[in-house]
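J.: Just dropping this structure here.
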Amino acid sequence: AAALGRAGPRLWRVLGGQHCPPLRALRASAVLSRVSEEHKKEPLTSPSQQQQQQQFGSHPAGHQPEREPQGPRPSYTGQGGQESEDYESEEQLQHRILTAALEFVPEHGWTAEAIAQGAKTLGLSVAAAGMFHSDGSELILHFVSECNVKLSELLEQEQKLVQLGEAEKKPTDEFLRDAVEARLRMLIPYIEKWPQALSILLLPRNIPSSLSLLTSMIDEIWHYAGDQSTDFNWYTRRAVLTGIYNTTELVMLQDSSPDFQDTWRFLENRVADAMNMSNTATQVQSTGEAVVQGLMGAAVTVSN
Amino acid sequence: AVRLCRWRPLLSRPLGAPRALRGLAAGPEMHFGFQTVTEAERREKINQVFESVAKKYDVMNDSMTLGIHRLWKDVLIHKMNPSPDTLLLDVAGGTGDIAFRFINYVRSVRERQLQRRLKHHQNLSWQEIFESYQEDKSNSLGDSQVVVCDINREMLKVGKQKAQHLGYSKGLSWVLGNAEELPFDDDKFDVYTIAFGIRNVTRIDLALQEAHRVLKPGGRFLCLEFSHVSNPFLSRLYDLYSFQVIPVLGEIIAGDWKSYQYLVESIRQFPPQEELKEMIEDAGFFKVDYENLNFGIVAIHSGFKL
């Protein structure tokens with residue numbers, strides 16, 4: 001429906017019969033529509049869509065005497081209901097190119113070259129890499145966001161198992177440890193080129209996006225860890241976990257032990273530190289409260 | 001498109017009646033600089049302009065733009081960022097400036113690629129290293145090619161001579177052709193460029209359609225052209241320079257005032273950035289965008305065939 005809405009204004013231009021025909025609407029893009037042919041779902045035939053099919057069918061002849069529709073495009077009179085689904089958006093295409101490009105990262109790094117090779121595997125020209133920035137930022141951000149999505153799915157599944165009673169609820173420190181480890185393990189195939197990626201993520205231009213991805217990931221982990229705080233603890237918890245994650249990531253880059261054992265041990269220690277720190281903090285707080293109460297009592301006594 | 005197809009009613013121009021009648025026979029009225037001519041006349045006039053300027057084209061470019069046109073063309077190639085297996089079609093590429101820059105760029109990218117590959121393969125035997133050198137030397141361009149297409153034979157001649165003089169031979173071909181009707185098959189090229197040429201095309205919409213046709217899916221359209229300066233102060237300076245200095249330079253250096261008067265006027269008649277962007281979108285390109293260089297004196301439009 002969204003795709004149809006997007007194609008909407010163009011549809012109106014065609015049906016309005018303007019002098020300079022908007023070729024875009026009728027000349028459905030060579031790639032975008034062809035692609036969705038491969039992902040054909042059950043054709044949904046609805047009467048309104050059928051009607052639009054016919055309207056489309058009657059117009060091309062009048063408006064475009066010199067150009068015929070090209071190649072393997074869905075015929076507007078035939079496919080019944082495929083109309084709106086065939087217009088894949090540019091964002092979705094970019095998404096697919098970036099996903100295909102990840103395969104070439106170990107060889108080419110996080111560069112426009114990897115994106116070009118990725119585009120090639122989709123049957124597009126290598127020039128399609130020009131759609132993205134030449135330093136590969138979008139590729140890295142795409143990868144990070146994909147990893148975060150995978151992590152969320154993982155955590156959700158775990159939570160479901162706990163709710164169904166098929167698994168034990170983990171204590172907080174173990175939960176955090178496992179979540180961070182799972183997320184960092186996703187970096188392993190690209191670990192050689194990851195320092196390059198980190199440096200690009202730290203470019204001023206990319207900081208807003210990379211920071212928001214990081215904070216939302218940390219937020220997700222705490223959410224699934226069962227954090228429901230609404231006070232200042234919310235900030236401290238996130239700051240602490242962000243620190244743990246970042247430092248562990250850096251350690252991982254330098255780690256050459258088998259299966260990154262040293263990294264996981266480092267992670268364990270940091271999480272333990274954080275737990276101790278929070279215990280100390282509560283102790284300090286309760287001591288502080290006691291002191292304050294004592295003072296208040298003294299003040300009341302004095303005033304009386 | 002409206003700008004180019006100006007249909008004037010017969011009755012409103014009694015004095016120009018014979019002209020209008022001629023107009024009906026030879027096509028709609030168009031602009032040639034600030035004059036109004038028919039489509040056929042325009043083609044002929046532009047042909048003559050380029051025939052006469054061909055030999056001094058590069059010299060004039062340097063003197064008019066104070067050498068800055070080289071930077072503009074460099075920016076275009078950097079924006080393109082071609083990888084070593086790109087097939088480029090440079091339309092209206094007459095004297096080959098874009099083609100040569102493309103070849104240089106691709107060569108250096110390829111060299112870097114090879115160096116990186118060598119660094120990875122540190123444990124090769126001497127035999128293997130020797131073989132890889134052989135193969136790389138014969139493939140210094142990495143399968144990329146440029147086809148330079150121009151409608152004017154004189155410009156192509158000058159371009160070929162330049163190529164020989166500068167030592168460019170591999171991966172370069174020269175084709176005589178009209179941007180409105182390209183002599184190439186569909187879905188052939190990775191990148192289509194037209195640098196300072198689309199202004200001289202009589203039917204810009206046809207040229208854009210042809211560009212769309214010959215590009216592969218995923219291919220890129222790039223257009224480098226003089227455009228409109230929106231800053232009023234700068235625009236006045238620019239106008240002053242254009243109309244007072246350039247034709248004079250044309251007369252002094254190339255002995256041809258009229259051609260350079262045409263050049264300056266044609267810049268003013270060309271659609272501004274947003275309008276050209278819409279025309280490119282109408283031809284079927286996606287992700288169309290433009291980048292102003294020097295406050296809009298020149299603009300690079302880019303679109304993708306998706």
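Residues are named by chain letter and number: chains run A, B, ... in the order of the structure tokens, numbers start at 1 in each chain, and ligands are numbered from 1 in the order shown.
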Quick one: which residues from chain B are at most 9 Å off chain A, using only C-alpha atoms, as a PyMOL selection string?
T.: chain B and resi 1-2+79-83+85-86+189-191+215-220+281-287+303-306
J.: Now that the selection is made, can you save its residues with C-alpha atoms as a PDB file, in the first residue's frame?
T.:
ATOM      1  CA  ALA B   1      10.731  20.319 -22.113  1.00  0.00           C
ATOM      2  CA  VAL B   2       8.478  23.339 -22.221  1.00  0.00           C
ATOM      3  CA  LYS B  79      32.333  11.551  -8.008  1.00  0.00           C
ATOM      4  CA  MET B  80      32.025   8.685 -10.463  1.00  0.00           C
ATOM      5  CA  ASN B  81      34.693   6.756  -8.515  1.00  0.00           C
ATOM      6  CA  PRO B  82      34.894   4.076 -11.234  1.00  0.00           C
ATOM      7  CA  SER B  83      36.112   0.605 -10.378  1.00  0.00           C
ATOM      8  CA  ASP B  85      35.796  -3.049 -14.764  1.00  0.00           C
ATOM      9  CA  THR B  86      33.647  -0.102 -15.716  1.00  0.00           C
ATOM     10  CA  PHE B 189      27.223   0.765 -20.402  1.00  0.00           C
ATOM     11  CA  ASP B 190      27.959   1.141 -16.723  1.00  0.00           C
ATOM     12  CA  VAL B 191      28.299   4.900 -16.757  1.00  0.00           C
ATOM     13  CA  LEU B 215      22.742   2.064 -19.564  1.00  0.00           C
ATOM     14  CA  LYS B 216      22.815  -1.268 -17.781  1.00  0.00           C
ATOM     15  CA  PRO B 217      20.426  -1.740 -14.855  1.00  0.00           C
ATOM     16  CA  GLY B 218      22.172  -0.104 -11.939  1.00  0.00           C
ATOM     17  CA  GLY B 219      24.072   2.137 -14.338  1.00  0.00           C
ATOM     18  CA  ARG B 220      24.769   5.771 -13.631  1.00  0.00           C
ATOM     19  CA  GLU B 281      13.588  11.936 -13.472  1.00  0.00           C
ATOM     20  CA  ASP B 282      11.087  11.994 -16.295  1.00  0.00           C
ATOM     21  CA  ALA B 283      13.452   9.956 -18.420  1.00  0.00           C
ATOM     22  CA  GLY B 284      13.198   7.179 -15.856  1.00  0.00           C
ATOM     23  CA  PHE B 285      16.191   7.725 -13.627  1.00  0.00           C
ATOM     24  CA  PHE B 286      16.083   7.215  -9.880  1.00  0.00           C
ATOM     25  CA  LYS B 287      17.959   8.854  -7.028  1.00  0.00           C
ATOM     26  CA  GLY B 303      20.902   9.612 -11.675  1.00  0.00           C
ATOM     27  CA  PHE B 304      20.679   5.835 -11.629  1.00  0.00           C
ATOM     28  CA  LYS B 305      18.861   3.431 -13.868  1.00  0.00           C
ATOM     29  CA  LEU B 306      17.283   1.143 -11.319  1.00  0.00           C
TER      30      LEU B 306
END
J.: Residues within 7 Å of Leu89 (chain B), please, as a JSON list (two decimals) with N, CA, C and O atoms, in the first residue's frame. Count only C-alpha atoms; anything in the same chain fewer than 2 positions from it doesn't count.
T.:
[["chain", "number", "residue", "atom", "x", "y", "z"],
["B", 87, "LEU", "N", 32.56, 0.18, -17.82],
["B", 87, "LEU", "CA", 32.45, 0.54, -19.22],
["B", 87, "LEU", "C", 31.79, 1.92, -19.29],
["B", 87, "LEU", "O", 30.65, 2.10, -18.88],
["B", 91, "VAL", "N", 29.53, 10.91, -23.92],
["B", 91, "VAL", "CA", 28.84, 11.51, -25.06],
["B", 91, "VAL", "C", 29.23, 12.97, -25.18],
["B", 91, "VAL", "O", 29.49, 13.63, -24.18],
["B", 146, "VAL", "N", 36.52, 2.98, -22.46],
["B", 146, "VAL", "CA", 35.77, 4.21, -22.69],
["B", 146, "VAL", "C", 35.38, 4.27, -24.16],
["B", 146, "VAL", "O", 36.21, 4.00, -25.02],
["B", 147, "VAL", "N", 34.15, 4.65, -24.41],
["B", 147, "VAL", "CA", 33.73, 4.93, -25.77],
["B", 147, "VAL", "C", 33.42, 6.42, -25.83],
["B", 147, "VAL", "O", 32.57, 6.90, -25.09],
["B", 148, "VAL", "N", 34.14, 7.14, -26.67],
["B", 148, "VAL", "CA", 33.89, 8.57, -26.81],
["B", 148, "VAL", "C", 33.00, 8.77, -28.02],
["B", 148, "VAL", "O", 33.35, 8.36, -29.13],
["B", 189, "PHE", "N", 26.17, 0.03, -21.10],
["B", 189, "PHE", "CA", 27.22, 0.77, -20.40],
["B", 189, "PHE", "C", 26.98, 0.88, -18.90],
["B", 189, "PHE", "O", 25.85, 0.89, -18.44],
["B", 191, "VAL", "N", 28.44, 3.48, -17.04],
["B", 191, "VAL", "CA", 28.30, 4.90, -16.76],
["B", 191, "VAL", "C", 28.16, 5.68, -18.06],
["B", 191, "VAL", "O", 28.82, 5.35, -19.05],
["B", 192, "TYR", "N", 27.29, 6.67, -18.04],
["B", 192, "TYR", "CA", 27.10, 7.55, -19.19],
["B", 192, "TYR", "C", 27.44, 8.95, -18.71],
["B", 192, "TYR", "O", 26.86, 9.43, -17.73],
["B", 193, "THR", "N", 28.39, 9.61, -19.37],
["B", 193, "THR", "CA", 28.66, 10.99, -18.96],
["B", 193, "THR", "C", 28.45, 11.92, -20.14],
["B", 193, "THR", "O", 28.64, 11.54, -21.30]]
J.: Report as a short mmCIF file (atom, residue, chain, number, x, y, z; two decimals) with C-alpha atoms, in the first residue's frame all protein, DNA and RNA residues lying within 12 Å of Arg116 (chain B), evaluated on only C-alpha atoms, omitting residues in the same chain fewer than 5 positions from it.
T.:
data_model
loop_
_atom_site.label_atom_id
_atom_site.label_comp_id
_atom_site.auth_asym_id
_atom_site.auth_seq_id
_atom_site.Cartn_x
_atom_site.Cartn_y
_atom_site.Cartn_z
CA GLU A 107 38.48 -9.37 0.77
CA HIS A 108 37.95 -5.71 -0.10
CA GLY A 109 37.32 -4.15 3.28
CA VAL B 109 42.80 2.28 -8.71
CA ARG B 110 43.96 -0.89 -10.43
CA GLU B 111 47.53 -0.36 -9.26
CA HIS B 121 50.13 -13.10 -1.07
CA GLN B 122 53.45 -12.82 0.68
#
J.: DSSP on the backbone: what in region 24-197 of chain B comes out strand (DSSP E), as number ranges by chain?
T.: B: 29-32, 35-38, 87-91, 145-150, 172-176, 189-195
J.: Run DSSP on the backbone and grab whatever in region 107-183 of chain A lands in alpha helix (DSSP H); send it over as a PyMOL selection string.
T.: chain A and resi 107-108+112-121+137-163+172-183
J.: Output N, CA and C atoms for every residue in that selection, as a short mmCIF file (atom, residue, chain, number, x, y, z; two decimals), in the first residue's frame.
T.:
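Once written, out_33.cif looks like this:
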data_model
loop_
_atom_site.label_atom_id
_atom_site.label_comp_id
_atom_site.auth_asym_id
_atom_site.auth_seq_id
_atom_site.Cartn_x
_atom_site.Cartn_y
_atom_site.Cartn_z
N GLU A 107 37.46 -9.52 1.80
CA GLU A 107 38.48 -9.37 0.77
C GLU A 107 38.79 -7.91 0.47
N HIS A 108 37.74 -7.09 0.35
CA HIS A 108 37.95 -5.71 -0.10
C HIS A 108 37.89 -4.70 1.03
N ALA A 112 33.84 1.07 -1.15
CA ALA A 112 32.91 1.12 -2.28
C ALA A 112 33.13 -0.08 -3.20
N GLU A 113 34.34 -0.63 -3.18
CA GLU A 113 34.61 -1.78 -4.03
C GLU A 113 33.76 -2.97 -3.62
N ALA A 114 33.68 -3.19 -2.30
CA ALA A 114 32.86 -4.30 -1.82
C ALA A 114 31.41 -4.09 -2.25
N ILE A 115 30.94 -2.86 -2.15
CA ILE A 115 29.56 -2.56 -2.55
C ILE A 115 29.39 -2.82 -4.04
N ALA A 116 30.42 -2.44 -4.83
CA ALA A 116 30.32 -2.65 -6.28
C ALA A 116 30.22 -4.14 -6.59
N GLN A 117 31.04 -4.95 -5.90
CA GLN A 117 30.98 -6.40 -6.13
C GLN A 117 29.63 -6.94 -5.71
N GLY A 118 29.11 -6.42 -4.61
CA GLY A 118 27.80 -6.85 -4.15
C GLY A 118 26.73 -6.55 -5.18
N ALA A 119 26.79 -5.34 -5.74
CA ALA A 119 25.82 -4.96 -6.76
C ALA A 119 25.92 -5.90 -7.96
N LYS A 120 27.17 -6.27 -8.27
CA LYS A 120 27.37 -7.15 -9.42
C LYS A 120 26.67 -8.49 -9.24
N THR A 121 26.73 -9.03 -8.00
CA THR A 121 26.10 -10.33 -7.79
C THR A 121 24.58 -10.24 -7.94
N SER A 137 30.60 4.03 4.61
CA SER A 137 29.87 4.24 5.88
C SER A 137 28.55 3.51 5.91
N GLU A 138 27.80 3.63 4.81
CA GLU A 138 26.47 3.02 4.82
C GLU A 138 26.57 1.51 4.99
N LEU A 139 27.61 0.93 4.42
CA LEU A 139 27.76 -0.53 4.53
C LEU A 139 27.95 -0.92 5.98
N ILE A 140 28.81 -0.17 6.67
CA ILE A 140 29.08 -0.49 8.07
C ILE A 140 27.84 -0.28 8.93
N LEU A 141 27.18 0.85 8.71
CA LEU A 141 25.98 1.13 9.51
C LEU A 141 24.92 0.06 9.26
N HIS A 142 24.81 -0.36 8.02
CA HIS A 142 23.86 -1.41 7.68
C HIS A 142 24.19 -2.68 8.44
N PHE A 143 25.49 -3.03 8.45
CA PHE A 143 25.92 -4.24 9.13
C PHE A 143 25.61 -4.16 10.62
N VAL A 144 25.93 -3.02 11.22
CA VAL A 144 25.69 -2.87 12.65
C VAL A 144 24.21 -2.99 12.96
N SER A 145 23.39 -2.37 12.15
CA SER A 145 21.97 -2.43 12.44
C SER A 145 21.43 -3.84 12.24
N GLU A 146 21.96 -4.56 11.24
CA GLU A 146 21.55 -5.94 11.06
C GLU A 146 21.94 -6.79 12.27
N CYS A 147 23.15 -6.57 12.78
CA CYS A 147 23.59 -7.32 13.96
C CYS A 147 22.68 -7.04 15.15
N ASN A 148 22.31 -5.79 15.31
CA ASN A 148 21.43 -5.43 16.42
C ASN A 148 20.09 -6.12 16.29
N VAL A 149 19.59 -6.19 15.06
CA VAL A 149 18.31 -6.87 14.85
C VAL A 149 18.42 -8.34 15.21
N LYS A 150 19.54 -8.95 14.79
CA LYS A 150 19.74 -10.37 15.11
C LYS A 150 19.80 -10.57 16.61
N LEU A 151 20.48 -9.65 17.29
CA LEU A 151 20.60 -9.76 18.74
C LEU A 151 19.22 -9.67 19.39
N SER A 152 18.43 -8.71 18.93
CA SER A 152 17.08 -8.56 19.50
C SER A 152 16.28 -9.84 19.34
N GLU A 153 16.39 -10.42 18.14
CA GLU A 153 15.63 -11.65 17.90
C GLU A 153 16.08 -12.75 18.86
N LEU A 154 17.39 -12.84 19.03
CA LEU A 154 17.96 -13.85 19.92
C LEU A 154 17.42 -13.68 21.33
N LEU A 155 17.48 -12.43 21.82
CA LEU A 155 17.05 -12.15 23.19
C LEU A 155 15.56 -12.42 23.36
N GLU A 156 14.80 -12.09 22.31
CA GLU A 156 13.37 -12.31 22.40
C GLU A 156 13.05 -13.80 22.50
N GLN A 157 13.77 -14.56 21.67
CA GLN A 157 13.55 -16.02 21.72
C GLN A 157 13.85 -16.57 23.09
N GLU A 158 14.98 -16.09 23.65
CA GLU A 158 15.35 -16.55 24.99
C GLU A 158 14.25 -16.22 25.99
N GLN A 159 13.74 -15.00 25.87
CA GLN A 159 12.72 -14.56 26.81
C GLN A 159 11.48 -15.45 26.68
N LYS A 160 11.14 -15.79 25.43
CA LYS A 160 9.96 -16.64 25.21
C LYS A 160 10.15 -17.97 25.92
N LEU A 161 11.37 -18.53 25.75
CA LEU A 161 11.64 -19.82 26.39
C LEU A 161 11.45 -19.72 27.90
N VAL A 162 11.94 -18.62 28.48
CA VAL A 162 11.80 -18.44 29.93
C VAL A 162 10.33 -18.35 30.30
N GLN A 163 9.57 -17.60 29.50
CA GLN A 163 8.15 -17.42 29.81
C GLN A 163 7.40 -18.73 29.72
N THR A 172 21.38 -11.62 36.46
CA THR A 172 21.71 -10.46 35.61
C THR A 172 23.11 -10.52 35.02
N ASP A 173 24.09 -10.86 35.86
CA ASP A 173 25.45 -10.78 35.31
C ASP A 173 25.66 -11.81 34.20
N GLU A 174 25.08 -12.98 34.38
CA GLU A 174 25.24 -14.00 33.33
C GLU A 174 24.50 -13.56 32.06
N PHE A 175 23.34 -12.96 32.28
CA PHE A 175 22.56 -12.52 31.12
C PHE A 175 23.34 -11.49 30.30
N LEU A 176 23.88 -10.52 31.02
CA LEU A 176 24.62 -9.47 30.31
C LEU A 176 25.82 -10.06 29.58
N ARG A 177 26.50 -10.96 30.29
CA ARG A 177 27.67 -11.58 29.67
C ARG A 177 27.31 -12.29 28.38
N ASP A 178 26.25 -13.09 28.45
CA ASP A 178 25.87 -13.85 27.26
C ASP A 178 25.42 -12.94 26.12
N ALA A 179 24.68 -11.92 26.48
CA ALA A 179 24.18 -11.02 25.43
C ALA A 179 25.34 -10.32 24.72
N VAL A 180 26.28 -9.78 25.52
CA VAL A 180 27.41 -9.08 24.90
C VAL A 180 28.26 -10.05 24.10
N GLU A 181 28.44 -11.26 24.64
CA GLU A 181 29.24 -12.23 23.88
C GLU A 181 28.56 -12.57 22.56
N ALA A 182 27.26 -12.81 22.60
CA ALA A 182 26.55 -13.16 21.37
C ALA A 182 26.70 -12.04 20.33
N ARG A 183 26.56 -10.81 20.82
CA ARG A 183 26.66 -9.69 19.87
C ARG A 183 28.07 -9.56 19.31
#
J.: For Ser242 (chain B), work out the shell of residues within 12 Å, counting only C-alpha atoms and skipping chain neighbours fewer than 6 positions away, then give it as a ChimeraX atom specification.
T.: /B:64-65,226,234-236,248-250,260-268,297
J.: Please produce a file of the residues just selected, as a PDB file, in the first residue's frame, where the atoms kept are N, CA, C and O atoms.
T.:
ATOM      1  N   MET B  64      39.007  30.779 -20.929  1.00  0.00           N
ATOM      2  CA  MET B  64      37.720  31.288 -20.453  1.00  0.00           C
ATOM      3  C   MET B  64      37.502  30.982 -18.988  1.00  0.00           C
ATOM      4  O   MET B  64      36.990  31.800 -18.238  1.00  0.00           O
ATOM      5  N   THR B  65      37.853  29.761 -18.601  1.00  0.00           N
ATOM      6  CA  THR B  65      37.549  29.372 -17.229  1.00  0.00           C
ATOM      7  C   THR B  65      38.784  29.477 -16.342  1.00  0.00           C
ATOM      8  O   THR B  65      38.779  29.016 -15.213  1.00  0.00           O
ATOM      9  N   PHE B 226      27.117  23.791 -17.311  1.00  0.00           N
ATOM     10  CA  PHE B 226      26.953  25.130 -16.741  1.00  0.00           C
ATOM     11  C   PHE B 226      25.520  25.259 -16.259  1.00  0.00           C
ATOM     12  O   PHE B 226      24.597  24.795 -16.914  1.00  0.00           O
ATOM     13  N   LEU B 234      27.082  37.397  -6.966  1.00  0.00           N
ATOM     14  CA  LEU B 234      27.966  36.592  -7.802  1.00  0.00           C
ATOM     15  C   LEU B 234      27.429  36.510  -9.210  1.00  0.00           C
ATOM     16  O   LEU B 234      28.170  36.517 -10.192  1.00  0.00           O
ATOM     17  N   SER B 235      26.096  36.423  -9.297  1.00  0.00           N
ATOM     18  CA  SER B 235      25.482  36.279 -10.606  1.00  0.00           C
ATOM     19  C   SER B 235      25.764  37.511 -11.465  1.00  0.00           C
ATOM     20  O   SER B 235      26.026  37.407 -12.658  1.00  0.00           O
ATOM     21  N   ARG B 236      25.793  38.678 -10.837  1.00  0.00           N
ATOM     22  CA  ARG B 236      26.089  39.893 -11.617  1.00  0.00           C
ATOM     23  C   ARG B 236      27.520  39.880 -12.119  1.00  0.00           C
ATOM     24  O   ARG B 236      27.792  40.189 -13.278  1.00  0.00           O
ATOM     25  N   VAL B 248      35.202  38.471 -26.232  1.00  0.00           N
ATOM     26  CA  VAL B 248      36.432  39.180 -26.617  1.00  0.00           C
ATOM     27  C   VAL B 248      37.603  38.195 -26.683  1.00  0.00           C
ATOM     28  O   VAL B 248      38.380  38.183 -27.639  1.00  0.00           O
ATOM     29  N   LEU B 249      37.700  37.346 -25.670  1.00  0.00           N
ATOM     30  CA  LEU B 249      38.727  36.309 -25.678  1.00  0.00           C
ATOM     31  C   LEU B 249      38.577  35.433 -26.912  1.00  0.00           C
ATOM     32  O   LEU B 249      39.562  35.058 -27.554  1.00  0.00           O
ATOM     33  N   GLY B 250      37.324  35.151 -27.223  1.00  0.00           N
ATOM     34  CA  GLY B 250      37.055  34.306 -28.384  1.00  0.00           C
ATOM     35  C   GLY B 250      37.596  34.933 -29.643  1.00  0.00           C
ATOM     36  O   GLY B 250      38.211  34.263 -30.475  1.00  0.00           O
ATOM     37  N   TYR B 260      31.536  32.238 -29.486  1.00  0.00           N
ATOM     38  CA  TYR B 260      31.600  32.380 -28.039  1.00  0.00           C
ATOM     39  C   TYR B 260      30.457  33.222 -27.510  1.00  0.00           C
ATOM     40  O   TYR B 260      30.046  33.057 -26.358  1.00  0.00           O
ATOM     41  N   GLN B 261      29.914  34.065 -28.338  1.00  0.00           N
ATOM     42  CA  GLN B 261      28.681  34.742 -27.956  1.00  0.00           C
ATOM     43  C   GLN B 261      27.575  33.698 -27.805  1.00  0.00           C
ATOM     44  O   GLN B 261      26.801  33.720 -26.856  1.00  0.00           O
ATOM     45  N   TYR B 262      27.540  32.770 -28.761  1.00  0.00           N
ATOM     46  CA  TYR B 262      26.548  31.684 -28.684  1.00  0.00           C
ATOM     47  C   TYR B 262      26.736  30.889 -27.391  1.00  0.00           C
ATOM     48  O   TYR B 262      25.776  30.582 -26.684  1.00  0.00           O
ATOM     49  N   LEU B 263      27.990  30.589 -27.096  1.00  0.00           N
ATOM     50  CA  LEU B 263      28.274  29.784 -25.905  1.00  0.00           C
ATOM     51  C   LEU B 263      27.680  30.431 -24.666  1.00  0.00           C
ATOM     52  O   LEU B 263      26.961  29.806 -23.891  1.00  0.00           O
ATOM     53  N   VAL B 264      27.982  31.722 -24.503  1.00  0.00           N
ATOM     54  CA  VAL B 264      27.531  32.408 -23.297  1.00  0.00           C
ATOM     55  C   VAL B 264      26.008  32.501 -23.252  1.00  0.00           C
ATOM     56  O   VAL B 264      25.387  32.302 -22.207  1.00  0.00           O
ATOM     57  N   GLU B 265      25.412  32.774 -24.390  1.00  0.00           N
ATOM     58  CA  GLU B 265      23.956  32.867 -24.411  1.00  0.00           C
ATOM     59  C   GLU B 265      23.308  31.518 -24.145  1.00  0.00           C
ATOM     60  O   GLU B 265      22.297  31.415 -23.455  1.00  0.00           O
ATOM     61  N   SER B 266      23.900  30.461 -24.683  1.00  0.00           N
ATOM     62  CA  SER B 266      23.298  29.138 -24.497  1.00  0.00           C
ATOM     63  C   SER B 266      23.317  28.737 -23.037  1.00  0.00           C
ATOM     64  O   SER B 266      22.448  28.002 -22.570  1.00  0.00           O
ATOM     65  N   ILE B 267      24.324  29.203 -22.306  1.00  0.00           N
ATOM     66  CA  ILE B 267      24.361  28.906 -20.875  1.00  0.00           C
ATOM     67  C   ILE B 267      23.151  29.524 -20.188  1.00  0.00           C
ATOM     68  O   ILE B 267      22.515  28.920 -19.326  1.00  0.00           O
ATOM     69  N   ARG B 268      22.800  30.743 -20.597  1.00  0.00           N
ATOM     70  CA  ARG B 268      21.671  31.424 -19.958  1.00  0.00           C
ATOM     71  C   ARG B 268      20.355  30.735 -20.302  1.00  0.00           C
ATOM     72  O   ARG B 268      19.397  30.768 -19.536  1.00  0.00           O
ATOM     73  N   ILE B 297      27.850  27.893 -10.852  1.00  0.00           N
ATOM     74  CA  ILE B 297      28.342  28.182 -12.200  1.00  0.00           C
ATOM     75  C   ILE B 297      28.309  26.889 -12.997  1.00  0.00           C
ATOM     76  O   ILE B 297      27.958  26.848 -14.165  1.00  0.00           O
TER      77      ILE B 297
END
J.: Name all residues at most 9 Å from Ala254 (chain B) (count only C-alpha atoms; drop same-chain ones fewer than 2 positions away) and give them as a ChimeraX atom specification.
T.: /B:52-53,55-57,59-60,249-252,256-257
J.: Could you list, as an MDAnalysis selection string, every residue within 9 Å of Ile46 (chain B), counting only C-alpha atoms and ignoring same-chain residues fewer than 5 positions away?
T.: chainID B and resid 32 41 51 200:201 259 262
J.: So which residues touch Gly142 (chain B) within 6 Å, counting only C-alpha atoms, skipping near sequence neighbours fewer than 2 positions away, as an MDAnalysis selection string?
T.: chainID B and resid 84:85 139:140 144
J.: Expressed in Å to a single decimal, how great is the separation between CA of Met155 (chain B) and CA of Val175 (chain B)?
T.: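 Computing the Euclidean distance for CA of Met155 (chain B) and CA of Val175 (chain B) yields 11.2 Å.
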J.: Quote the spacing between CA of Leu182 (chain B) and CA of Glu291 (chain B) in Å to one decimal place.
T.: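 One can read the CA of Leu182 (chain B) to CA of Glu291 (chain B) distance as 26.6 Å.
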J.: Could you tell me how far CA of Glu168 (chain A) sits from CA of Gly226 (chain A), in Å to one decimal place?
T.: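 Answer for the CA of Gly226 (chain A) to CA of Glu168 (chain A) separation: 13.8 Å.
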